[in-house]
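The structure file query.tsv is reproduced below (TSV, C-alpha atoms).
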chain	number	residue	atom	x	y	z
U	27	MET	CA	109.04	49.81	131.47
U	28	ILE	CA	112.50	50.61	130.17
U	29	VAL	CA	115.39	51.23	132.56
U	30	ASP	CA	118.92	52.40	131.93
U	31	THR	CA	122.28	51.79	133.56
U	32	SER	CA	121.62	54.44	136.20
U	33	ILE	CA	118.86	52.20	137.56
U	34	VAL	CA	120.51	48.83	136.96
U	35	ILE	CA	123.83	49.69	138.63
U	36	ARG	CA	121.94	50.31	141.88
U	37	TRP	CA	120.73	46.72	141.85
U	38	PHE	CA	124.30	45.54	142.32
U	39	VAL	CA	126.10	48.31	144.23
U	40	PRO	CA	124.61	49.17	147.63
U	41	GLY	CA	124.73	52.66	149.04
U	42	LEU	CA	124.18	54.67	145.86
U	43	ILE	CA	121.60	57.46	145.94
U	44	HIS	CA	118.03	56.33	145.17
U	45	GLU	CA	119.04	52.69	145.70
U	46	GLU	CA	115.81	51.87	147.54
U	47	TYR	CA	113.64	53.10	144.66
U	48	CYS	CA	115.69	51.21	142.09
U	49	MET	CA	115.48	48.06	144.19
U	50	ALA	CA	111.70	48.50	144.41
U	51	ILE	CA	111.53	48.33	140.60
U	52	LYS	CA	113.65	45.17	140.61
U	53	LYS	CA	111.44	43.55	143.26
U	54	LEU	CA	108.26	44.40	141.34
U	55	PHE	CA	109.80	42.83	138.24
U	56	GLU	CA	110.84	39.70	140.13
U	57	ALA	CA	107.33	39.41	141.57
U	58	GLY	CA	105.90	39.52	138.04
U	59	LYS	CA	104.06	42.79	138.63
U	60	ILE	CA	105.87	44.75	135.92
U	61	GLN	CA	107.80	43.98	132.76
U	62	LEU	CA	111.27	45.44	132.29
U	63	LYS	CA	113.39	46.01	129.22
U	64	VAL	CA	116.94	47.20	128.87
U	65	PRO	CA	118.80	47.65	125.61
U	66	GLU	CA	121.65	45.15	125.21
U	67	LEU	CA	124.08	48.02	125.53
U	68	VAL	CA	123.11	48.37	129.21
U	69	VAL	CA	124.64	44.95	129.93
U	70	TYR	CA	128.04	46.15	128.70
U	71	GLU	CA	127.69	49.55	130.31
U	72	THR	CA	126.79	47.98	133.67
U	73	CYS	CA	129.93	45.84	133.56
U	74	TYR	CA	131.98	48.95	132.78
U	75	GLU	CA	130.41	50.90	135.67
U	76	LEU	CA	130.92	48.01	138.09
U	77	ASN	CA	134.58	47.95	137.08
U	78	LYS	CA	134.85	51.68	137.85
U	79	LEU	CA	133.13	51.40	141.23
U	80	LEU	CA	134.52	48.15	142.61
U	81	SER	CA	137.69	46.10	142.72
U	82	GLY	CA	139.00	42.82	144.05
U	83	PRO	CA	137.30	39.42	144.15
U	84	ILE	CA	133.83	40.94	144.51
U	85	LEU	CA	134.12	42.55	141.08
U	86	SER	CA	134.21	39.37	139.01
U	87	LYS	CA	131.38	37.84	141.06
U	88	LEU	CA	129.18	40.91	140.63
U	89	VAL	CA	129.92	41.22	136.93
U	90	SER	CA	128.95	37.58	136.44
U	91	LEU	CA	125.78	38.06	138.49
U	92	ALA	CA	124.85	41.22	136.59
U	93	VAL	CA	125.40	39.64	133.18
U	94	ASP	CA	123.35	36.55	134.12
U	95	TYR	CA	120.52	38.70	135.47
U	96	LEU	CA	120.44	41.27	132.69
U	97	TYR	CA	120.69	38.67	129.94
U	98	HIS	CA	117.06	37.75	130.58
U	99	ILE	CA	115.68	41.27	130.26
U	100	ALA	CA	118.02	42.68	127.61
U	101	VAL	CA	116.44	43.28	124.24
U	102	ARG	CA	117.95	43.91	120.85
U	103	PRO	CA	116.06	46.91	119.48
U	104	GLU	CA	114.58	46.84	115.99
U	105	PRO	CA	116.47	48.65	113.20
U	106	ASP	CA	114.15	51.67	113.17
U	107	VAL	CA	114.76	52.11	116.90
U	108	PHE	CA	118.49	52.43	116.17
U	109	VAL	CA	117.81	55.04	113.48
U	110	LYS	CA	115.69	57.11	115.89
U	111	ALA	CA	118.36	56.67	118.59
U	112	LEU	CA	120.87	58.32	116.25
U	113	ASP	CA	118.54	61.32	116.02
U	114	PHE	CA	118.58	61.62	119.82
U	115	PHE	CA	122.36	61.17	119.84
U	116	LYS	CA	122.77	63.98	117.29
U	117	LYS	CA	120.74	66.22	119.62
U	118	GLY	CA	123.34	65.72	122.34
U	119	TYR	CA	121.96	62.82	124.34
U	120	PRO	CA	124.46	60.18	125.48
U	121	LEU	CA	124.43	56.89	123.58
U	122	THR	CA	122.56	54.61	126.01
U	123	PRO	CA	119.92	57.20	126.95
U	124	SER	CA	119.44	57.84	123.20
U	125	LEU	CA	118.65	54.17	122.74
U	126	CYS	CA	116.33	54.09	125.78
U	127	LEU	CA	114.51	57.23	124.59
U	128	SER	CA	114.07	55.72	121.16
U	129	MET	CA	112.78	52.43	122.60
U	130	SER	CA	110.38	54.38	124.80
U	131	THR	CA	108.94	56.46	121.98
U	132	HIS	CA	108.75	53.45	119.65
U	133	SER	CA	106.95	51.18	122.13
U	134	ASN	CA	105.10	53.88	124.09
U	135	GLU	CA	106.60	52.53	127.30
U	136	THR	CA	107.89	54.57	130.21
U	137	TYR	CA	111.63	55.07	130.44
U	138	ILE	CA	112.90	55.38	134.04
U	139	THR	CA	116.25	56.95	134.96
U	140	THR	CA	118.01	58.57	137.91
U	141	ASP	CA	119.34	61.31	135.61
U	142	LYS	CA	117.41	64.51	136.42
U	143	GLU	CA	119.12	66.45	133.64
U	144	LEU	CA	118.06	63.88	131.07
U	145	VAL	CA	114.45	64.05	132.24
U	146	LYS	CA	114.54	67.84	132.10
U	147	LYS	CA	116.13	67.90	128.64
U	148	ALA	CA	113.72	65.31	127.22
U	149	GLY	CA	110.74	67.32	128.39
U	150	SER	CA	107.35	66.21	127.22
U	151	PHE	CA	108.35	64.70	123.88
U	152	ALA	CA	109.35	61.43	125.50
U	153	ASN	CA	107.78	59.29	128.17
U	154	VAL	CA	110.81	59.56	130.45
U	155	LYS	CA	110.48	59.84	134.22
U	156	HIS	CA	112.86	60.32	137.10
U	157	ILE	CA	112.91	57.45	139.59
U	158	LEU	CA	111.45	59.72	142.28
U	159	ASP	CA	108.43	60.48	140.07
U	160	ILE	CA	107.32	56.85	139.97
U	161	SER	CA	104.52	55.68	142.24
U	162	PHE	CA	105.07	52.34	143.92

Let me see the structure of the file written as structure tokens.
Amino acid sequence: MIVDTSIVIRWFVPGLIHEEYCMAIKKLFEAGKIQLKVPELVVYETCYELNKLLSGPILSKLVSLAVDYLYHIAVRPEPDVFVKALDFFKKGYPLTPSLCLSMSTHSNETYITTDKELVKKAGSFANVKHILDISF
């Protein structure tokens, strides 16, 4: 299963919409019931989003926690995945979702996001699902 920043950020910032579903994915991963992958770019993007959402002493602690946690599930995609990601990017998808879509199509794994518009735009050509469409 591939997740993007929209899922990951909810692991570290309480109170965001769909938090409980995102946390369920994290708990299943921690229990060894599913495998998760995130492109390396998600680590950087998560730090950026945490910086936008939080401030003060909690910020540096959460950034450190997020980096330590994500380091173990971050993957460096193969070169052909990057090439395919550029095709998605040229079609108007944001950078990180382009990479996740490419990873998903390359590995035939499900890509989970909280972005309804992305799911709608991707349609049936990619194995992308909204967090609310996942059975737990």

* **Distance in Å - CA of Tyr74 in chain U versus CA of Asp94 in chain U** =>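 It comes out at 15.2 Å.
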
* To do: Scan for residues within 12 Å of the point (102.8, 52.5, 125.1) in the coordinates of the file, using all atoms listed in the file, and reply as number ranges by chain.
  => U: 27-28, 129-137, 152-154

* To do: Could you give me, as a list in words, the residues within 12 Å of range 78-89 of chain U, counting only C-alpha atoms and dropping anything in the same chain fewer than 2 positions from it?
  =>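 My list of contacting residues is Ile35, Arg36, Trp37, Phe38, Val39, Pro40, Gly41, Leu42, Val69, Tyr70, Glu71, Thr72, Cys73, Tyr74, Glu75, Leu76, Leu91, Ala92, Val93, Asp94, Tyr95, Leu96 and Tyr97 of chain U.
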
Limited to C-alpha atoms, could you put the picked residues into a file as a compact mmCIF listing (two decimals), in the frame of the given file?
# COMPACT_ATOMS: atom_id res chain seq x y z
CA ILE U 35 123.83 49.69 138.63
CA ARG U 36 121.94 50.31 141.88
CA TRP U 37 120.73 46.72 141.85
CA PHE U 38 124.30 45.54 142.32
CA VAL U 39 126.10 48.31 144.23
CA PRO U 40 124.61 49.17 147.63
CA GLY U 41 124.73 52.66 149.04
CA LEU U 42 124.18 54.67 145.86
CA VAL U 69 124.64 44.95 129.93
CA TYR U 70 128.04 46.15 128.70
CA GLU U 71 127.69 49.55 130.31
CA THR U 72 126.79 47.98 133.67
CA CYS U 73 129.93 45.84 133.56
CA TYR U 74 131.98 48.95 132.78
CA GLU U 75 130.41 50.90 135.67
CA LEU U 76 130.92 48.01 138.09
CA LEU U 91 125.78 38.06 138.49
CA ALA U 92 124.85 41.22 136.59
CA VAL U 93 125.40 39.64 133.18
CA ASP U 94 123.35 36.55 134.12
CA TYR U 95 120.52 38.70 135.47
CA LEU U 96 120.44 41.27 132.69
CA TYR U 97 120.69 38.67 129.94

* Structure fact -> Pairwise distance, CA of Thr31 in chain U with CA of Val68 in chain U, equals 5.6 Å

For range 147-151 of chain U, what centre and edge lengths in Å (one decimal) does the axis-aligned box get once 3 Å is added on each side of all its listed atoms, as lines of an AutoDock Vina configuration file?
center_x = 111.7
center_y = 66.3
center_z = 126.3
size_x = 14.8
size_y = 9.2
size_z = 10.8

* Counting all atoms listed in the file, the residue of U:Leu144, U:Leu54, U:Ile99, U:Ile60 that sits nearest Phe114 in chain U ->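 Using all atoms listed in the file, Phe114 in chain U sits closest to U:Leu144.
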
* **Distance in Å - CA of Glu104 in chain U versus CA of Ser90 in chain U** =>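 These atoms are spaced 26.7 Å apart.
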
* Option closest in space to Leu158 in chain U, from U:Lys110, U:Lys116, U:Lys59, U:Lys142 [counting all atoms listed in the file] ->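 Of U:Lys110, U:Lys116, U:Lys59, U:Lys142, the one nearest Leu158 in chain U is U:Lys142, counting all atoms listed in the file.
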
* To do: Could you tell me which of U:Lys117, U:Lys147, U:Arg102, U:Lys155 comes closest to Lys63 in chain U if we count all atoms listed in the file?
  =>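 Nearest candidate to Lys63 in chain U out of U:Lys117, U:Lys147, U:Arg102, U:Lys155: U:Arg102.
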
* **Contacts of Pro103 in chain U within 10 Å, all atoms listed in the file, excl. fewer than 2 positions in-chain, as a ChimeraX atom specification** => /U:64-66,100-101,105-108,125-126,128-129,132
